[in-house]
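Structure file work23.pdb (PDB, C-alpha atoms) follows.
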ATOM      1  CA  MET A   1       6.914 -70.283 131.732
ATOM      2  CA  LYS A   2       4.277 -72.086 133.790
ATOM      3  CA  VAL A   3       3.763 -75.794 133.171
ATOM      4  CA  TYR A   4       0.458 -77.270 134.310
ATOM      5  CA  ASP A   5       1.019 -80.912 133.392
ATOM      6  CA  HIS A   6       3.268 -83.005 131.199
ATOM      7  CA  GLY A   7       0.971 -85.741 129.990
ATOM      8  CA  PHE A   8      -1.284 -86.200 127.020
ATOM      9  CA  ASN A   9      -4.549 -86.221 128.921
ATOM     10  CA  GLU A  10      -8.037 -84.726 129.232
ATOM     11  CA  ASN A  11      -7.319 -81.305 127.760
ATOM     12  CA  GLU A  12      -5.711 -82.704 124.616
ATOM     13  CA  TRP A  13      -8.438 -85.333 124.231
ATOM     14  CA  PHE A  14     -11.105 -82.656 124.680
ATOM     15  CA  VAL A  15      -9.616 -80.611 121.818
ATOM     16  CA  ILE A  16      -9.197 -83.619 119.519
ATOM     17  CA  ALA A  17     -12.649 -85.040 120.304
ATOM     18  CA  SER A  18     -14.270 -81.628 119.776
ATOM     19  CA  ILE A  19     -12.600 -81.229 116.391
ATOM     20  CA  LEU A  20     -13.475 -84.746 115.240
ATOM     21  CA  VAL A  21     -17.050 -84.879 116.536
ATOM     22  CA  MET A  22     -17.999 -81.362 115.484
ATOM     23  CA  ASN A  23     -16.464 -81.686 112.015
ATOM     24  CA  LEU A  24     -18.218 -85.023 111.543
ATOM     25  CA  ALA A  25     -21.465 -83.298 112.559
ATOM     26  CA  ILE A  26     -20.845 -80.613 109.912
ATOM     27  CA  TRP A  27     -20.186 -83.281 107.313
ATOM     28  CA  LEU A  28     -23.385 -85.195 108.221
ATOM     29  CA  ALA A  29     -25.651 -82.158 108.592
ATOM     30  CA  PRO A  30     -27.810 -81.121 105.642
ATOM     31  CA  ARG A  31     -26.179 -78.343 103.632
ATOM     32  CA  MET A  32     -27.440 -74.879 104.486
ATOM     33  CA  PHE A  33     -24.671 -72.756 103.012
ATOM     34  CA  SER A  34     -22.559 -72.626  99.907
ATOM     35  CA  LYS A  35     -19.056 -74.049 100.346
ATOM     36  CA  LEU A  36     -17.605 -70.532 100.412
ATOM     37  CA  GLU A  37     -20.082 -69.368 103.055
ATOM     38  CA  ALA A  38     -19.490 -72.473 105.174
ATOM     39  CA  ILE A  39     -15.732 -71.955 105.033
ATOM     40  CA  GLY A  40     -16.188 -68.270 105.881
ATOM     41  CA  TYR A  41     -18.335 -69.016 108.941
ATOM     42  CA  TYR A  42     -15.932 -71.748 110.047
ATOM     43  CA  ILE A  43     -12.916 -69.450 109.722
ATOM     44  CA  PHE A  44     -14.755 -66.622 111.484
ATOM     45  CA  GLY A  45     -15.255 -68.981 114.468
ATOM     46  CA  ILE A  46     -11.531 -69.759 114.462
ATOM     47  CA  TYR A  47     -10.682 -66.065 114.177
ATOM     48  CA  ILE A  48     -12.803 -65.170 117.222
ATOM     49  CA  GLY A  49     -10.975 -67.760 119.351
ATOM     50  CA  LEU A  50      -7.587 -66.645 118.067
ATOM     51  CA  PHE A  51      -8.385 -62.977 118.554
ATOM     52  CA  TYR A  52      -9.399 -63.286 122.197
ATOM     53  CA  ASP A  53      -6.762 -65.852 123.102
ATOM     54  CA  HIS A  54      -4.117 -63.580 121.601
ATOM     55  CA  THR A  55      -5.357 -60.441 123.291
ATOM     56  CA  ILE A  56      -6.544 -61.264 126.807
ATOM     57  CA  SER A  57      -4.374 -64.344 127.379
ATOM     58  CA  ILE A  58      -1.056 -62.667 126.584
ATOM     59  CA  LYS A  59       0.829 -59.738 128.072
ATOM     60  CA  PRO A  60       0.009 -57.162 129.256
ATOM     61  CA  TRP A  61      -3.193 -58.809 130.544
ATOM     62  CA  ASP A  62      -2.244 -62.502 130.543
ATOM     63  CA  PHE A  63      -5.557 -63.497 132.156
ATOM     64  CA  TYR A  64      -5.306 -67.183 131.312
ATOM     65  CA  ASP A  65      -3.169 -69.893 129.761
ATOM     66  CA  VAL A  66      -4.316 -72.489 127.258
ATOM     67  CA  ASN A  67      -3.459 -76.195 127.628
ATOM     68  CA  ASP A  68      -0.375 -77.558 129.406
ATOM     69  CA  SER A  69       1.953 -74.580 129.330
ATOM     70  CA  SER A  70       1.971 -70.812 129.192
ATOM     71  CA  SER A  71       4.059 -71.078 126.017
ATOM     72  CA  TYR A  72       2.561 -71.751 122.589
ATOM     73  CA  GLN A  73       2.320 -75.426 121.628
ATOM     74  CA  PHE A  74       0.904 -77.362 118.654
ATOM     75  CA  ILE A  75      -2.174 -78.381 120.675
ATOM     76  CA  ASP A  76      -2.881 -74.651 121.137
ATOM     77  CA  PHE A  77      -3.113 -74.347 117.353
ATOM     78  CA  LEU A  78      -5.551 -77.252 117.306
ATOM     79  CA  SER A  79      -7.601 -75.661 120.071
ATOM     80  CA  TYR A  80      -8.186 -72.643 117.800
ATOM     81  CA  ILE A  81      -9.440 -74.931 115.036
ATOM     82  CA  MET A  82     -11.853 -76.337 117.610
ATOM     83  CA  TYR A  83     -13.737 -72.996 117.583
ATOM     84  CA  GLY A  84     -14.538 -73.260 113.859
ATOM     85  CA  PRO A  85     -17.364 -75.796 114.046
ATOM     86  CA  TYR A  86     -19.000 -73.972 116.943
ATOM     87  CA  GLY A  87     -19.074 -70.779 114.873
ATOM     88  CA  TYR A  88     -20.442 -72.730 111.926
ATOM     89  CA  PHE A  89     -23.241 -74.326 113.963
ATOM     90  CA  PHE A  90     -24.093 -71.031 115.647
ATOM     91  CA  LEU A  91     -25.010 -69.663 112.206
ATOM     92  CA  TYR A  92     -26.329 -72.987 110.908
ATOM     93  CA  PHE A  93     -29.080 -73.082 113.522
ATOM     94  CA  TYR A  94     -29.625 -69.341 113.231
ATOM     95  CA  LYS A  95     -30.542 -69.882 109.596
ATOM     96  CA  LYS A  96     -32.299 -73.243 110.067
ATOM     97  CA  TRP A  97     -34.592 -71.884 112.760
ATOM     98  CA  ASN A  98     -35.064 -68.612 110.840
ATOM     99  CA  VAL A  99     -34.119 -66.499 113.849
ATOM    100  CA  ARG A 100     -35.001 -62.877 113.162
ATOM    101  CA  GLY A 101     -35.691 -59.631 114.958
ATOM    102  CA  LEU A 102     -36.035 -59.741 118.724
ATOM    103  CA  ARG A 103     -35.699 -63.556 118.722
ATOM    104  CA  THR A 104     -32.020 -62.940 118.001
ATOM    105  CA  ILE A 105     -31.515 -61.708 121.578
ATOM    106  CA  PRO A 106     -32.539 -64.931 123.366
ATOM    107  CA  TYR A 107     -30.741 -66.942 120.670
ATOM    108  CA  ILE A 108     -27.470 -65.148 121.428
ATOM    109  CA  LEU A 109     -28.103 -65.363 125.180
ATOM    110  CA  VAL A 110     -28.595 -69.150 124.967
ATOM    111  CA  TRP A 111     -25.484 -69.609 122.806
ATOM    112  CA  SER A 112     -23.445 -67.379 125.119
ATOM    113  CA  SER A 113     -24.591 -69.488 128.063
ATOM    114  CA  PHE A 114     -23.660 -72.636 126.128
ATOM    115  CA  SER A 115     -20.251 -71.075 125.414
ATOM    116  CA  VAL A 116     -19.673 -70.440 129.119
ATOM    117  CA  LEU A 117     -20.651 -74.061 129.793
ATOM    118  CA  MET A 118     -18.112 -75.268 127.216
ATOM    119  CA  GLU A 119     -15.503 -72.980 128.777
ATOM    120  CA  TRP A 120     -16.328 -74.436 132.205
ATOM    121  CA  ILE A 121     -15.755 -77.938 130.801
ATOM    122  CA  GLY A 122     -12.496 -76.623 129.317
ATOM    123  CA  VAL A 123     -11.417 -75.418 132.760
ATOM    124  CA  LYS A 124     -12.333 -78.757 134.352
ATOM    125  CA  VAL A 125     -10.277 -80.760 131.810
ATOM    126  CA  GLY A 126      -7.285 -78.399 132.027
ATOM    127  CA  LEU A 127      -7.737 -76.592 128.714
ATOM    128  CA  PHE A 128      -7.901 -73.158 130.361
ATOM    129  CA  HIS A 129      -5.987 -71.981 133.435
ATOM    130  CA  TYR A 130      -7.165 -68.626 134.784
ATOM    131  CA  ASP A 131      -4.635 -66.163 136.124
ATOM    132  CA  LYS A 132      -4.593 -62.689 137.675
ATOM    133  CA  GLY A 133      -8.083 -62.974 139.104
ATOM    134  CA  TYR A 134      -9.900 -63.800 135.858
ATOM    135  CA  ARG A 135     -13.430 -65.076 136.422
ATOM    136  CA  MET A 136     -15.413 -67.195 134.009
ATOM    137  CA  TYR A 137     -18.382 -64.832 134.069
ATOM    138  CA  TRP A 138     -16.129 -62.203 132.460
ATOM    139  CA  SER A 139     -16.309 -64.335 129.327
ATOM    140  CA  PHE A 140     -20.087 -63.972 128.990
ATOM    141  CA  PRO A 141     -20.031 -60.416 127.567
ATOM    142  CA  ILE A 142     -17.204 -61.471 125.249
ATOM    143  CA  TYR A 143     -19.421 -64.261 123.907
ATOM    144  CA  LEU A 144     -22.351 -61.870 123.595
ATOM    145  CA  PHE A 145     -20.244 -59.454 121.584
ATOM    146  CA  SER A 146     -18.600 -62.139 119.428
ATOM    147  CA  GLN A 147     -21.848 -63.856 118.581
ATOM    148  CA  THR A 148     -23.478 -60.540 117.773
ATOM    149  CA  LEU A 149     -20.592 -59.911 115.365
ATOM    150  CA  MET A 150     -21.209 -63.310 113.805
ATOM    151  CA  VAL A 151     -24.878 -62.456 113.218
ATOM    152  CA  ILE A 152     -23.854 -59.151 111.629
ATOM    153  CA  PHE A 153     -21.319 -60.994 109.463
ATOM    154  CA  TYR A 154     -24.019 -63.467 108.409
ATOM    155  CA  HIS A 155     -26.400 -60.671 107.412
ATOM    156  CA  LEU A 156     -23.672 -58.890 105.461
ATOM    157  CA  ILE A 157     -23.069 -62.101 103.514
ATOM    158  CA  VAL A 158     -26.795 -62.628 102.898
ATOM    159  CA  ARG A 159     -27.229 -59.012 101.806
ATOM    160  CA  ASN A 160     -24.234 -59.241  99.489
ATOM    161  CA  LYS A 161     -25.601 -62.462  97.937
ATOM    162  CA  SER A 162     -28.983 -60.861  97.286
ATOM    163  CA  THR A 163     -27.437 -57.835  95.561
ATOM    164  CA  GLU A 164     -25.412 -60.141  93.303
ATOM    165  CA  ALA A 165     -28.463 -62.142  92.204
TER     166      ALA A 165
END
Final structure tokens representation of the file:
Amino acid sequence: MKVYDHGFNENEWFVIASILVMNLAIWLAPRMFSKLEAIGYYIFGIYIGLFYDHTISIKPWDFYDVNDSSSYQFIDFLSYIMYGPYGYFFLYFYKKWNVRGLRTIPYILVWSSFSVLMEWIGVKVGLFHYDKGYRMYWSFPIYLFSQTLMVIFYHLIVRNKSTEA
């Protein structure tokens, strides 16, 4: 087990601040979705983080560690919750700005770039520790794919709602 630091410092504060600030922003933002939809989009964001952190950050690949240790800690659980509001706001602005058709491509490209920026901040504060030659730019196609899945998920929900009405 690798240990990167022992203190409660920047990486933990980054996770806690992200959760608090982003959830407060959700609470203050005008409602765009039903409660069930909002919860679904929030959980989908968490799922994406969990899925990738539990595939490419564990054996056999083990490309990176999260937080202070290569073993699972409570703050790791909180870091997965941190992804929820980002997923929510990705779809919130998608709907608010009525992104459709080919405008979806630059929208996803901008959000994927923003995601890499947030990952870079995560690296700087000690949230992520790359291993085995992992490079941050490898994450960009993962964000492209994940955010495309979120748009598909959104449209499935919208389509299902319209057939129920």
Test item: residues at most 12 Å from segment 132-146 of chain A, all atoms listed in the file, excluding those fewer than 3 positions along its chain, as number ranges by chain | A: 44-53, 56-65, 86-87, 90, 104-124, 128-129, 149-153
Write out as a list of chain:residue names which residues come within 10 Å of segment 28-39 of chain A when counting all atoms listed in the file, dropping same-chain ones fewer than 5 positions away.
->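 Skipping anything fewer than 5 positions along the chain leaves A:Met22, A:Asn23, A:Phe44, A:Gly45, A:Gly84, A:Pro85, A:Gly87, A:Tyr88, A:Phe89, A:Leu91, A:Tyr92, A:Phe93, A:Lys95, A:Lys96, A:Tyr154, A:Ile157, A:Val158.
Straight-line separation from atom CA of Val125 of chain A to atom CA of His6 of chain A: 13.7 Å.
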Between atom CA of Ile43 of chain A and atom CA of Met82 of chain A, what is the distance, to one decimal in Å?
-> 10.5 Å
Taking the file as shown, find all residues satisfying the PyMOL selection byres ((chain A and resi 9-12) around 6) and write them as a ChimeraX atom specification.
-> /A:7-8,13-15,125-127
Give me, please, the distance in Å between atom CA of Ala25 of chain A and atom CA of Ile75 of chain A, quoted to one decimal.
->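 Taking atom CA of Ala25 of chain A and atom CA of Ile75 of chain A, their separation equals 21.5 Å.
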Could you check which of A:Tyr42, A:Val66, A:Arg103, A:Asn98 is closest to Tyr83 of chain A, using all atoms listed in the file?
-> A:Tyr42
In terms of only C-alpha atoms, the residue from A:His155, A:Lys161, A:Lys2, A:Arg100 at minimal distance from Tyr130 of chain A is A:Lys2
Which centre and edge lengths in Å to one decimal define the box along x, y and z that fits every listed atom of segment 94-105 of chain A plus 5 Å per side, as lines of an AutoDock Vina configuration file?
center_x = -32.8
center_y = -66.4
center_z = 115.6
size_x = 16.4
size_y = 23.6
size_z = 22.0
Name the closest residue to Gln147 of chain A among the candidates A:Tyr41, A:Asp5, A:Ser18, A:Ser79; distances are taken between atoms, counting only C-alpha atoms.
->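 Checking each of A:Tyr41, A:Asp5, A:Ser18, A:Ser79 against Gln147 of chain A, counting only C-alpha atoms, the winner is A:Tyr41.
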